[in-house]
$ cat work-v2.cif   # mmCIF, C-alpha atoms
data_model
#
loop_
_atom_site.label_atom_id
_atom_site.label_comp_id
_atom_site.auth_asym_id
_atom_site.auth_seq_id
_atom_site.Cartn_x
_atom_site.Cartn_y
_atom_site.Cartn_z
CA MET F 10 24.43 17.40 23.70
CA SER F 11 21.84 18.84 21.30
CA LEU F 12 21.06 17.46 17.88
CA SER F 13 22.36 20.59 16.17
CA GLN F 14 25.85 19.95 17.55
CA ASP F 15 25.92 16.43 16.14
CA ILE F 16 25.13 17.23 12.53
CA PRO F 17 27.65 18.97 10.28
CA LEU F 18 26.85 22.01 8.23
CA SER F 19 25.68 21.28 4.70
CA HIS F 20 26.68 23.19 1.59
CA SER F 21 23.00 24.08 1.12
CA GLU F 22 22.42 25.31 4.66
CA GLU F 23 22.89 28.97 3.86
CA SER F 24 19.73 28.86 1.72
CA VAL F 25 17.51 27.30 4.38
CA SER F 26 15.24 30.36 4.59
CA HIS F 27 14.56 30.28 0.83
CA TRP F 28 12.16 27.94 -0.94
CA SER F 29 13.99 25.81 -3.52
CA LYS F 30 13.15 23.29 -6.24
CA HIS F 31 14.33 20.57 -3.83
CA ASP F 32 11.66 21.70 -1.34
CA THR F 33 8.93 21.76 -3.99
CA SER F 34 9.86 18.25 -5.14
CA TRP F 35 9.57 16.87 -1.61
CA MET F 36 6.30 18.71 -0.98
CA LEU F 37 4.85 17.07 -4.09
CA SER F 38 6.24 13.67 -3.03
CA LEU F 39 4.56 13.89 0.36
CA PHE F 40 1.31 15.09 -1.25
CA GLY F 41 1.42 12.17 -3.70
CA THR F 42 2.10 9.68 -0.89
CA ALA F 43 -0.96 10.91 1.03
CA VAL F 44 -3.41 11.02 -1.88
CA GLY F 45 -4.09 7.37 -2.73
CA ALA F 46 -7.12 5.78 -4.38
CA GLY F 47 -8.92 6.09 -1.04
CA ILE F 48 -9.64 9.71 -1.94
CA LEU F 49 -12.42 8.40 -4.23
CA PHE F 50 -14.18 6.92 -1.18
CA LEU F 51 -13.31 9.71 1.26
CA PRO F 52 -16.29 12.02 0.50
CA ILE F 53 -18.70 9.16 1.21
CA ASN F 54 -16.87 7.88 4.30
CA ILE F 55 -16.70 11.34 5.91
CA GLY F 56 -19.86 12.87 4.42
CA VAL F 57 -22.18 10.05 5.52
CA GLY F 58 -21.78 11.27 9.13
CA GLY F 59 -23.62 14.47 8.28
CA PHE F 60 -22.61 18.01 7.34
CA TRP F 61 -21.64 19.15 10.86
CA SER F 62 -19.40 16.13 11.31
CA LEU F 63 -17.74 16.98 7.99
CA VAL F 64 -17.19 20.61 9.05
CA ILE F 65 -15.61 19.66 12.40
CA MET F 66 -13.31 17.04 10.85
CA ALA F 67 -12.34 19.55 8.14
CA LEU F 68 -11.31 22.06 10.82
CA MET F 69 -9.30 19.40 12.67
CA ALA F 70 -7.68 17.89 9.56
CA GLY F 71 -5.06 20.62 9.13
CA PRO F 72 -3.65 20.63 12.71
CA MET F 73 -3.86 16.82 12.91
CA THR F 74 -1.96 16.35 9.66
CA PHE F 75 0.77 18.94 10.17
CA LEU F 76 1.47 18.41 13.88
CA ALA F 77 1.54 14.59 13.66
CA HIS F 78 3.93 14.45 10.71
CA ARG F 79 6.10 17.20 12.20
CA GLY F 80 6.33 15.12 15.39
CA LEU F 81 7.41 12.01 13.45
CA ALA F 82 10.01 14.01 11.47
CA ARG F 83 11.39 15.47 14.72
CA PHE F 84 11.59 11.95 16.14
CA VAL F 85 13.62 10.70 13.15
CA LEU F 86 15.93 13.74 13.37
CA SER F 87 16.44 13.29 17.13
CA SER F 88 19.04 10.54 16.64
CA SER F 89 22.66 11.23 17.55
CA LYS F 90 23.68 9.47 14.31
CA PRO F 91 23.64 11.77 11.26
CA ASP F 92 22.54 8.99 8.86
CA ALA F 93 20.06 7.13 11.11
CA ASP F 94 16.93 5.69 9.51
CA PHE F 95 13.69 4.88 11.36
CA THR F 96 15.00 1.48 12.53
CA ASP F 97 18.16 3.05 14.00
CA VAL F 98 16.20 5.78 15.80
CA VAL F 99 13.70 3.48 17.55
CA GLU F 100 16.50 1.13 18.59
CA GLU F 101 18.54 4.04 19.95
CA HIS F 102 15.67 5.47 22.00
CA PHE F 103 13.73 2.35 23.05
CA GLY F 104 16.44 -0.35 23.21
CA ALA F 105 17.35 -3.18 20.84
CA SER F 106 14.40 -5.53 21.54
CA ALA F 107 11.65 -2.88 21.57
CA GLY F 108 13.30 -1.13 18.63
CA ARG F 109 13.24 -4.25 16.47
CA LEU F 110 9.62 -4.95 17.39
CA ILE F 111 8.53 -1.39 16.52
CA SER F 112 10.52 -1.55 13.27
CA LEU F 113 8.86 -4.84 12.33
CA LEU F 114 5.41 -3.44 13.09
CA TYR F 115 6.23 -0.31 11.07
CA PHE F 116 7.19 -2.43 8.05
CA LEU F 117 4.11 -4.65 8.45
CA SER F 118 1.87 -1.55 8.58
CA ILE F 119 3.21 -0.23 5.26
CA PHE F 120 3.75 -3.46 3.31
CA PRO F 121 0.08 -4.59 3.15
CA ILE F 122 -0.81 -1.19 1.70
CA LEU F 123 1.76 -1.79 -1.06
CA LEU F 124 0.08 -5.13 -1.81
CA ILE F 125 -3.28 -3.34 -1.97
CA TYR F 126 -1.88 -0.78 -4.40
CA GLY F 127 -0.39 -3.55 -6.56
CA VAL F 128 -3.84 -5.13 -6.86
CA GLY F 129 -5.55 -1.74 -7.34
CA LEU F 130 -3.14 -0.63 -10.06
CA THR F 131 -3.65 -3.87 -12.00
CA ASN F 132 -7.45 -3.79 -11.64
CA THR F 133 -7.65 -0.11 -12.66
CA VAL F 134 -5.56 -0.54 -15.82
CA ASP F 135 -7.28 -3.83 -16.72
CA SER F 136 -10.72 -2.20 -16.34
CA PHE F 137 -9.63 0.80 -18.44
CA ILE F 138 -8.35 -1.45 -21.26
CA VAL F 139 -11.58 -3.48 -21.32
CA ASN F 140 -14.23 -0.79 -20.67
CA GLN F 141 -12.76 2.45 -22.04
CA LEU F 142 -10.58 1.14 -24.87
CA GLY F 143 -12.90 -1.78 -25.77
CA MET F 144 -10.02 -4.24 -26.02
CA GLU F 145 -9.69 -7.78 -24.69
CA ALA F 146 -8.35 -8.18 -21.16
CA PRO F 147 -4.56 -8.71 -21.24
CA SER F 148 -2.78 -11.49 -19.36
CA ARG F 149 -3.04 -10.55 -15.66
CA VAL F 150 0.39 -12.07 -14.96
CA LEU F 151 2.04 -9.97 -17.68
CA LEU F 152 0.08 -6.75 -16.97
CA SER F 153 0.70 -6.81 -13.21
CA GLY F 154 4.38 -7.71 -13.71
CA VAL F 155 4.96 -4.79 -16.09
CA LEU F 156 3.12 -2.29 -13.84
CA VAL F 157 4.84 -3.33 -10.60
CA PHE F 158 8.26 -3.52 -12.30
CA GLY F 159 7.72 -0.04 -13.78
CA MET F 160 6.88 1.47 -10.39
CA ILE F 161 9.86 -0.17 -8.68
CA ALA F 162 12.21 0.81 -11.54
CA ILE F 163 11.42 4.48 -10.84
CA MET F 164 12.46 4.01 -7.20
CA MET F 165 15.62 2.12 -8.24
CA ALA F 166 16.68 4.99 -10.52
CA GLY F 167 17.54 7.20 -7.54
CA GLU F 168 16.14 10.11 -5.53
CA LYS F 169 16.26 12.66 -8.38
CA VAL F 170 14.31 10.43 -10.77
CA MET F 171 11.83 9.53 -8.02
CA LEU F 172 11.20 13.20 -7.17
CA ARG F 173 10.83 14.03 -10.87
CA ALA F 174 8.29 11.21 -11.24
CA PHE F 175 6.26 12.68 -8.37
CA GLU F 176 6.25 16.07 -10.13
CA VAL F 177 4.97 14.48 -13.35
CA ILE F 178 2.25 12.56 -11.46
CA VAL F 179 1.11 15.05 -8.81
CA TYR F 180 0.54 18.18 -10.92
CA PRO F 181 -2.12 16.47 -13.10
CA LEU F 182 -3.66 14.89 -9.98
CA ALA F 183 -4.03 18.26 -8.24
CA ALA F 184 -5.35 19.88 -11.45
CA ILE F 185 -7.95 17.13 -12.00
CA LEU F 186 -9.13 17.27 -8.36
CA ALA F 187 -9.53 21.05 -8.56
CA GLY F 188 -11.20 20.91 -11.99
CA LEU F 189 -13.69 18.27 -10.90
CA SER F 190 -14.46 20.18 -7.70
CA PHE F 191 -15.31 23.31 -9.71
CA TYR F 192 -17.26 21.21 -12.26
CA LEU F 193 -19.61 20.00 -9.50
CA ILE F 194 -20.38 23.46 -8.07
CA PRO F 195 -23.60 23.95 -10.15
CA ASN F 196 -24.96 20.74 -8.55
CA TRP F 197 -24.39 21.86 -4.95
CA GLN F 198 -27.34 21.50 -2.59
CA MET F 199 -26.95 23.57 0.58
CA PRO F 200 -27.68 21.44 3.67
CA ASP F 201 -30.15 22.33 6.41
CA LEU F 202 -27.95 24.13 8.95
CA SER F 203 -30.78 24.85 11.39
CA THR F 204 -31.03 21.25 12.64
CA LEU F 205 -28.31 20.36 15.12
CA PRO F 206 -27.48 16.67 15.61
CA GLU F 207 -28.20 14.78 18.86
CA TRP F 208 -24.98 14.84 20.90
CA GLY F 209 -24.79 11.13 21.85
CA SER F 210 -24.83 9.70 18.33
CA PHE F 211 -22.96 12.74 16.96
CA SER F 212 -20.01 12.19 19.33
CA VAL F 213 -19.74 8.53 18.26
CA THR F 214 -19.87 9.63 14.59
CA LEU F 215 -17.04 12.11 15.21
CA TRP F 216 -15.00 9.49 17.06
CA LEU F 217 -15.29 6.98 14.22
CA ALA F 218 -14.45 9.70 11.67
CA VAL F 219 -11.05 10.39 13.30
CA PRO F 220 -9.16 7.41 11.77
CA VAL F 221 -10.80 8.01 8.37
CA THR F 222 -9.49 11.60 8.42
CA VAL F 223 -6.09 10.57 9.79
CA PHE F 224 -5.40 8.07 7.00
CA ALA F 225 -6.84 10.24 4.26
CA PHE F 226 -4.00 12.70 4.81
CA SER F 227 -1.28 10.34 6.08
CA HIS F 228 2.13 10.44 4.43
CA ALA F 229 3.87 8.76 7.38
CA ALA F 230 5.43 6.09 5.13
CA ALA F 231 7.67 8.70 3.46
CA ILE F 232 8.57 10.78 6.54
CA SER F 233 11.74 8.91 7.56
CA SER F 234 13.22 9.10 4.03
CA PHE F 235 12.06 12.74 3.80
CA ALA F 236 13.65 13.73 7.13
CA ASN F 237 16.95 12.07 6.21
CA ALA F 238 16.96 13.79 2.80
CA GLN F 239 16.59 17.16 4.56
CA ARG F 240 19.40 16.24 6.97
CA ARG F 241 21.70 15.47 4.03
CA HIS F 242 20.68 18.64 2.22
CA TYR F 243 20.37 21.18 5.07
CA GLY F 244 22.56 19.76 7.86
CA ARG F 245 21.74 21.17 11.30
CA GLU F 246 18.82 23.19 9.88
CA ALA F 247 17.00 20.03 8.73
CA GLY F 248 14.36 20.34 11.47
CA GLN F 249 13.46 23.90 10.53
CA LYS F 250 13.30 23.11 6.81
CA SER F 251 11.32 19.89 7.40
CA GLU F 252 8.73 21.87 9.35
CA GLN F 253 8.46 24.43 6.54
CA ILE F 254 7.96 21.76 3.86
CA LEU F 255 5.47 19.79 6.01
CA LYS F 256 3.46 22.96 6.65
CA ARG F 257 3.11 23.69 2.93
CA THR F 258 2.33 20.03 2.21
CA SER F 259 -0.49 20.14 4.77
CA VAL F 260 -1.90 23.35 3.27
CA MET F 261 -1.80 21.80 -0.22
CA LEU F 262 -3.47 18.59 1.00
CA ILE F 263 -6.19 20.38 2.94
CA SER F 264 -6.89 22.81 0.08
CA PHE F 265 -7.23 20.30 -2.76
CA VAL F 266 -8.61 17.28 -0.92
CA LEU F 267 -11.15 19.07 1.30
CA PHE F 268 -12.42 21.16 -1.63
CA PHE F 269 -12.94 17.89 -3.52
CA VAL F 270 -14.66 16.28 -0.50
CA PHE F 271 -17.00 19.25 0.13
CA SER F 272 -17.83 19.58 -3.57
CA CYS F 273 -18.76 15.89 -3.83
CA VAL F 274 -20.73 15.86 -0.57
CA LEU F 275 -22.68 19.02 -1.45
CA SER F 276 -23.56 17.47 -4.82
CA LEU F 277 -25.33 14.57 -3.11
CA SER F 278 -28.18 14.37 -0.61
CA PRO F 279 -27.73 12.54 2.76
CA ALA F 280 -29.88 9.69 1.37
CA GLN F 281 -27.66 9.40 -1.71
CA LEU F 282 -24.52 9.34 0.46
CA LEU F 283 -26.01 6.46 2.47
CA GLU F 284 -26.91 4.63 -0.75
CA ALA F 285 -23.36 5.10 -2.11
CA LYS F 286 -21.97 3.80 1.19
CA ALA F 287 -24.22 0.72 0.99
CA GLN F 288 -23.17 0.06 -2.62
CA ASN F 289 -19.46 0.43 -1.65
CA VAL F 290 -18.66 2.30 -4.86
CA SER F 291 -16.35 5.28 -5.33
CA VAL F 292 -17.87 8.75 -5.23
CA LEU F 293 -17.09 9.30 -8.93
CA SER F 294 -18.86 6.07 -9.93
CA TYR F 295 -21.93 7.14 -7.95
CA LEU F 296 -21.86 10.75 -9.25
CA ALA F 297 -21.53 9.48 -12.83
CA ASN F 298 -24.67 7.37 -12.37
CA VAL F 299 -26.62 10.20 -10.70
CA HIS F 300 -25.69 12.91 -13.20
CA ASN F 301 -25.37 10.63 -16.23
CA SER F 302 -22.03 12.29 -17.02
CA PRO F 303 -19.55 10.60 -19.39
CA PHE F 304 -16.99 13.23 -18.31
CA ILE F 305 -17.05 11.98 -14.71
CA VAL F 306 -17.07 8.34 -15.90
CA ALA F 307 -13.88 8.99 -17.88
CA LEU F 308 -12.13 10.78 -15.01
CA GLY F 309 -12.67 7.97 -12.48
CA PRO F 310 -10.06 5.48 -13.81
CA LEU F 311 -7.60 8.32 -14.56
CA ILE F 312 -7.72 9.72 -11.01
CA ALA F 313 -7.50 6.21 -9.55
CA PHE F 314 -4.45 5.35 -11.68
CA ILE F 315 -2.57 8.60 -10.90
CA ALA F 316 -3.45 8.48 -7.18
CA ILE F 317 -2.46 4.81 -6.78
CA SER F 318 0.81 5.37 -8.68
CA SER F 319 1.90 8.34 -6.56
CA SER F 320 0.93 6.69 -3.29
CA PHE F 321 2.64 3.43 -4.33
CA LEU F 322 5.95 5.27 -4.81
CA GLY F 323 5.72 6.95 -1.39
CA HIS F 324 4.83 3.75 0.45
CA PHE F 325 7.51 1.76 -1.39
CA MET F 326 10.04 4.34 -0.18
CA GLY F 327 9.05 3.69 3.46
CA ALA F 328 8.85 -0.11 3.09
CA ARG F 329 12.24 -0.28 1.37
CA GLU F 330 13.97 1.79 4.06
CA SER F 331 12.43 -0.11 6.99
CA LEU F 332 13.12 -3.53 5.42
CA ASN F 333 16.75 -2.55 4.73
CA GLY F 334 17.14 -1.38 8.33
CA MET F 335 15.84 -4.66 9.71
CA LEU F 336 17.93 -6.82 7.33
CA GLN F 337 21.12 -4.94 8.20
CA LYS F 338 20.53 -5.74 11.89
CA GLN F 339 20.16 -9.47 11.11
CA PHE F 340 22.70 -10.14 8.35
CA SER F 341 26.31 -9.12 7.77
CA LEU F 342 25.99 -8.74 4.01
CA ALA F 343 26.86 -5.46 2.25
CA PRO F 344 24.02 -2.85 2.41
CA ALA F 345 23.79 -2.70 -1.41
CA LYS F 346 23.30 -6.47 -1.62
CA LEU F 347 20.66 -6.46 1.13
CA ASP F 348 18.86 -3.61 -0.64
CA LYS F 349 18.69 -5.66 -3.86
CA LEU F 350 17.47 -8.75 -2.01
CA GLY F 351 14.78 -6.68 -0.26
CA ILE F 352 13.61 -5.16 -3.55
CA VAL F 353 13.41 -8.59 -5.22
CA PHE F 354 11.36 -9.89 -2.28
CA MET F 355 8.94 -6.94 -2.39
CA PHE F 356 8.60 -7.13 -6.19
CA LEU F 357 7.72 -10.84 -6.07
CA ALA F 358 5.28 -10.38 -3.16
CA ILE F 359 3.47 -7.41 -4.76
CA TRP F 360 3.38 -9.16 -8.15
CA PHE F 361 2.00 -12.34 -6.58
CA ALA F 362 -0.73 -10.36 -4.74
CA ALA F 363 -1.63 -8.48 -7.94
CA VAL F 364 -1.98 -11.76 -9.88
CA MET F 365 -3.99 -13.53 -7.15
CA ASN F 366 -6.29 -10.51 -6.51
CA PRO F 367 -7.19 -11.69 -2.96
CA SER F 368 -10.29 -10.49 -1.09
CA ILE F 369 -8.51 -10.26 2.31
CA LEU F 370 -6.75 -7.00 1.43
CA GLY F 371 -9.36 -4.84 3.17
CA MET F 372 -8.82 -6.72 6.40
CA MET F 373 -5.04 -6.35 6.05
CA GLU F 374 -5.47 -2.60 5.61
CA ALA F 375 -7.69 -2.44 8.72
CA LEU F 376 -5.08 -4.29 10.76
CA SER F 377 -2.25 -1.99 9.61
CA GLY F 378 -4.33 1.05 10.63
CA PRO F 379 -3.78 0.89 14.41
CA VAL F 380 -0.02 0.46 13.95
CA ILE F 381 0.24 3.49 11.66
CA ALA F 382 -1.77 5.55 14.17
CA MET F 383 0.49 4.46 17.04
CA ILE F 384 3.70 5.19 15.10
CA LEU F 385 2.49 8.50 13.66
CA PHE F 386 0.70 9.92 16.71
CA ILE F 387 1.55 8.10 19.93
CA MET F 388 5.18 6.95 19.71
CA PRO F 389 6.78 10.34 18.79
CA MET F 390 4.84 12.04 21.61
CA LEU F 391 5.96 9.39 24.14
CA ALA F 392 9.53 9.93 22.89
CA VAL F 393 9.21 13.61 23.84
CA TYR F 394 9.17 12.50 27.49
CA LYS F 395 11.94 9.93 27.04
CA VAL F 396 14.47 11.50 24.68
CA GLU F 397 16.67 14.29 26.03
CA SER F 398 16.98 16.12 22.68
CA LEU F 399 13.17 16.37 22.46
CA LYS F 400 12.57 17.65 26.01
CA CYS F 401 11.91 21.21 24.78
CA TYR F 402 8.54 19.96 23.42
CA ARG F 403 7.31 18.65 26.79
CA GLY F 404 4.16 20.22 28.18
CA ARG F 405 3.16 21.84 24.87
CA PHE F 406 -0.47 21.82 23.76
CA SER F 407 0.47 20.27 20.40
CA THR F 408 2.06 17.27 22.17
CA TYR F 409 -1.10 16.54 24.19
CA PHE F 410 -3.36 17.21 21.18
CA ILE F 411 -1.55 14.69 18.94
CA LEU F 412 -1.41 12.11 21.76
CA LEU F 413 -5.18 12.48 22.27
CA VAL F 414 -5.93 12.19 18.53
CA GLY F 415 -3.74 9.07 18.36
CA LEU F 416 -5.60 7.41 21.23
CA LEU F 417 -8.95 8.32 19.62
CA ALA F 418 -7.82 6.94 16.24
CA VAL F 419 -6.50 3.64 17.63
CA SER F 420 -9.55 3.07 19.86
CA ALA F 421 -11.96 3.89 16.99
CA ILE F 422 -10.19 1.43 14.65
CA VAL F 423 -10.24 -1.34 17.27
CA PHE F 424 -13.93 -0.59 17.99
CA SER F 425 -14.75 -0.76 14.24
CA LEU F 426 -12.94 -4.11 13.88
CA PHE F 427 -14.83 -5.77 16.70
#

$ encode --input "work-v2.cif" --output "structure tokens"
Amino acid sequence: MSLSQDIPLSHSEESVSHWSKHDTSWMLSLFGTAVGAGILFLPINIGVGGFWSLVIMALMAGPMTFLAHRGLARFVLSSSKPDADFTDVVEEHFGASAGRLISLLYFLSIFPILLIYGVGLTNTVDSFIVNQLGMEAPSRVLLSGVLVFGMIAIMMAGEKVMLRAFEVIVYPLAAILAGLSFYLIPNWQMPDLSTLPEWGSFSVTLWLAVPVTVFAFSHAAAISSFANAQRRHYGREAGQKSEQILKRTSVMLISFVLFFVFSCVLSLSPAQLLEAKAQNVSVLSYLANVHNSPFIVALGPLIAFIAISSSFLGHFMGARESLNGMLQKQFSLAPAKLDKLGIVFMFLAIWFAAVMNPSILGMMEALSGPVIAMILFIMPMLAVYKVESLKCYRGRFSTYFILLVGLLAVSAIVFSLF
């Protein structure tokens, strides 16, 4: 039996071919989830490999982003249950034991990123209060508690409020990224295109750039909630509408983020990129020092705050759903009660991390990387050959392409760790 026969028609299904406010809201939510504070380090991390490496990864970024997230959305929608979340789907397709393990790994890949954002949000606001406003540093316990509670309160207010919050956050973020990219154009230095890199070292550079590019555009944490929202809204046409929204999200991401990356990279020489990498500072901090620009200095904390806030909301959405799914499999309490218990646990954990400001967060992020790559790229493609409702995608070029990129990303991350 096909998926389309299992899902009832929705009242909104007749408008599936039209672009609605609902679709725009979800496109902005996915964009906001993808664009975290890491965007401030992305130009350095990708650009340090050289201009040709940057060009090739830029050409691959669009297909990698769209096809991988489309595959994950299709996987979530492949369940025979109309209200299945990620935990339900993996258990249905891979069995109870494997399903619970994958669900646990999925949660553990998202949750450390939430802890990182809790710390980053607190540090960014604290730095702004001290350095830009010239005030005394507030109590870290109080500041972090208010910030984390505020972010979680938005998610607790419901889907409409959450989508509205993304709209408020993402439009300024996109405008600032575009404005800064144009602002840097007079400082562009065209690279020497006549010198081609040596293939051996160039291939290793490209290989190690794959996971950097993958995670720069990843909005995997929000895909399960996104796919289920489309199923509720569009019924049997959820797959078609999800693909349309994901396509426009990818175009928006590639347009704004890559323009920002190219503009930053072309404003710096290869030697300066290497120096910025060695100093481990954000590209805006380095550009502000090079160009002595108070405008760029002022924008740094603002972009970081907006980007962390939007990405926090998207990752909290994924962590909340996966934690709820796991708790419901273990305990017989009412779903609403389990949801509240899960939210209290995550609030306390994120608040504690923000107060303690630990230095192990980078390592936690590196360890969550391989799991995200496996869940985003490898698992949905393996499901194509296991799940009957996905068999129409077997043998397609896109399936092999995403599987290959996933293997490259995981192997590159493991290689970098050791």

$ resolve_selection --input "work-v2.cif" --expression "the PyMOL selection byres ((chain F and resi 60) around 9)" --output "list in words"
Gly56, Val57, Gly58, Gly59, Trp61, Ser62, Leu63, Val64, Ile65, Pro200, Asp201, Leu202, Val274, Leu275 and Pro279 of chain F

$ closest_atom_pairs --input "work-v2.cif" --of "range 134-236 of chain F" --to "range 83-96 of chain F" --cutoff "12 Å" --atoms "only C-alpha atoms" --output "CSV"
residue,atom,partner,partner_atom,distance
F:Ala229,CA,F:Phe95,CA,11.3
F:Ala230,CA,F:Phe95,CA,10.4
F:Ala231,CA,F:Phe95,CA,10.6
F:Ile232,CA,F:Val85,CA,8.3
F:Ser233,CA,F:Phe95,CA,5.9
F:Ser234,CA,F:Asp94,CA,7.4
F:Phe235,CA,F:Val85,CA,9.7
F:Ala236,CA,F:Leu86,CA,6.6

$ resolve_selection --input "work-v2.cif" --expression "the PyMOL selection byres ((chain F and resi 122) around 9)" --output "number ranges by chain"
F: 118-121, 123-127, 321, 324, 370, 373-374, 377

$ resolve_selection --input "work-v2.cif" --expression "the PyMOL selection byres ((chain F and resi 47) around 10)" --output "PyMOL selection string"
chain F and resi 43-46+48-52+54+221+224-225+291+313+316-317

$ write_last_selection --input "work-v2.cif" --atoms "C-alpha atoms" --output "short mmCIF file (atom, residue, chain, number, x, y, z; two decimals), in the coordinates of the input"
data_model
loop_
_atom_site.label_atom_id
_atom_site.label_comp_id
_atom_site.auth_asym_id
_atom_site.auth_seq_id
_atom_site.Cartn_x
_atom_site.Cartn_y
_atom_site.Cartn_z
CA ALA F 43 -0.96 10.91 1.03
CA VAL F 44 -3.41 11.02 -1.88
CA GLY F 45 -4.09 7.37 -2.73
CA ALA F 46 -7.12 5.78 -4.38
CA ILE F 48 -9.64 9.71 -1.94
CA LEU F 49 -12.42 8.40 -4.23
CA PHE F 50 -14.18 6.92 -1.18
CA LEU F 51 -13.31 9.71 1.26
CA PRO F 52 -16.29 12.02 0.50
CA ASN F 54 -16.87 7.88 4.30
CA VAL F 221 -10.80 8.01 8.37
CA PHE F 224 -5.40 8.07 7.00
CA ALA F 225 -6.84 10.24 4.26
CA SER F 291 -16.35 5.28 -5.33
CA ALA F 313 -7.50 6.21 -9.55
CA ALA F 316 -3.45 8.48 -7.18
CA ILE F 317 -2.46 4.81 -6.78
#

$ residues_near_point --input "work-v2.cif" --point "(9.8, -2.5, 14.7)" --cutoff "12 Å" --atoms "all atoms listed in the file" --output "ChimeraX atom specification"
/F:95-100,103-119,328,331-332,334-336,338,380-381,383-384,388

$ closest_residue --input "work-v2.cif" --among "F:Pro147, F:Pro195, F:Gly71, F:Pro344" --to "His300 in chain F" --atoms "only C-alpha atoms"
F:Pro195

$ closest_residue --input "work-v2.cif" --among "F:Leu37, F:Val306, F:Ile411, F:Leu182" --to "Leu293 in chain F" --atoms "only C-alpha atoms"
F:Val306

$ atom_distance --input "work-v2.cif" --atom1 "CA of Phe226 in chain F" --atom2 "CA of Pro389 in chain F"
17.8 Å

$ build_atoms --input "work-v2.cif" --residues "range 300-311 of chain F" --atoms "N, CA, C and O atoms" --output "mmCIF file, in the coordinates of the input"
data_model
loop_
_atom_site.group_PDB
_atom_site.id
_atom_site.type_symbol
_atom_site.label_atom_id
_atom_site.label_comp_id
_atom_site.auth_asym_id
_atom_site.auth_seq_id
_atom_site.Cartn_x
_atom_site.Cartn_y
_atom_site.Cartn_z
ATOM 1 N N HIS F 300 -25.647 11.786 -12.249
ATOM 2 C CA HIS F 300 -25.690 12.910 -13.200
ATOM 3 C C HIS F 300 -25.612 12.471 -14.657
ATOM 4 O O HIS F 300 -25.647 13.311 -15.557
ATOM 5 N N ASN F 301 -25.471 11.161 -14.875
ATOM 6 C CA ASN F 301 -25.370 10.630 -16.230
ATOM 7 C C ASN F 301 -24.291 11.366 -17.033
ATOM 8 O O ASN F 301 -24.512 11.837 -18.143
ATOM 9 N N SER F 302 -23.101 11.496 -16.432
ATOM 10 C CA SER F 302 -22.030 12.290 -17.020
ATOM 11 C C SER F 302 -20.888 11.416 -17.523
ATOM 12 O O SER F 302 -20.173 10.807 -16.728
ATOM 13 N N PRO F 303 -20.690 11.363 -18.852
ATOM 14 C CA PRO F 303 -19.550 10.600 -19.390
ATOM 15 C C PRO F 303 -18.213 11.223 -18.990
ATOM 16 O O PRO F 303 -17.196 10.533 -18.908
ATOM 17 N N PHE F 304 -18.209 12.532 -18.736
ATOM 18 C CA PHE F 304 -16.990 13.230 -18.310
ATOM 19 C C PHE F 304 -16.501 12.668 -16.980
ATOM 20 O O PHE F 304 -15.321 12.366 -16.807
ATOM 21 N N ILE F 305 -17.415 12.510 -16.019
ATOM 22 C CA ILE F 305 -17.050 11.980 -14.710
ATOM 23 C C ILE F 305 -16.674 10.501 -14.817
ATOM 24 O O ILE F 305 -15.743 10.036 -14.160
ATOM 25 N N VAL F 306 -17.381 9.762 -15.685
ATOM 26 C CA VAL F 306 -17.070 8.340 -15.900
ATOM 27 C C VAL F 306 -15.626 8.189 -16.391
ATOM 28 O O VAL F 306 -14.877 7.314 -15.932
ATOM 29 N N ALA F 307 -15.222 9.071 -17.308
ATOM 30 C CA ALA F 307 -13.880 8.990 -17.880
ATOM 31 C C ALA F 307 -12.804 9.366 -16.866
ATOM 32 O O ALA F 307 -11.686 8.829 -16.889
ATOM 33 N N LEU F 308 -13.128 10.315 -15.979
ATOM 34 C CA LEU F 308 -12.130 10.780 -15.010
ATOM 35 C C LEU F 308 -11.832 9.746 -13.916
ATOM 36 O O LEU F 308 -10.726 9.733 -13.376
ATOM 37 N N GLY F 309 -12.825 8.919 -13.581
ATOM 38 C CA GLY F 309 -12.670 7.970 -12.480
ATOM 39 C C GLY F 309 -11.415 7.112 -12.584
ATOM 40 O O GLY F 309 -10.562 7.134 -11.686
ATOM 41 N N PRO F 310 -11.253 6.341 -13.685
ATOM 42 C CA PRO F 310 -10.060 5.480 -13.810
ATOM 43 C C PRO F 310 -8.763 6.291 -13.844
ATOM 44 O O PRO F 310 -7.738 5.847 -13.326
ATOM 45 N N LEU F 311 -8.811 7.500 -14.457
ATOM 46 C CA LEU F 311 -7.600 8.320 -14.560
ATOM 47 C C LEU F 311 -7.130 8.772 -13.181
ATOM 48 O O LEU F 311 -5.944 8.657 -12.843
#
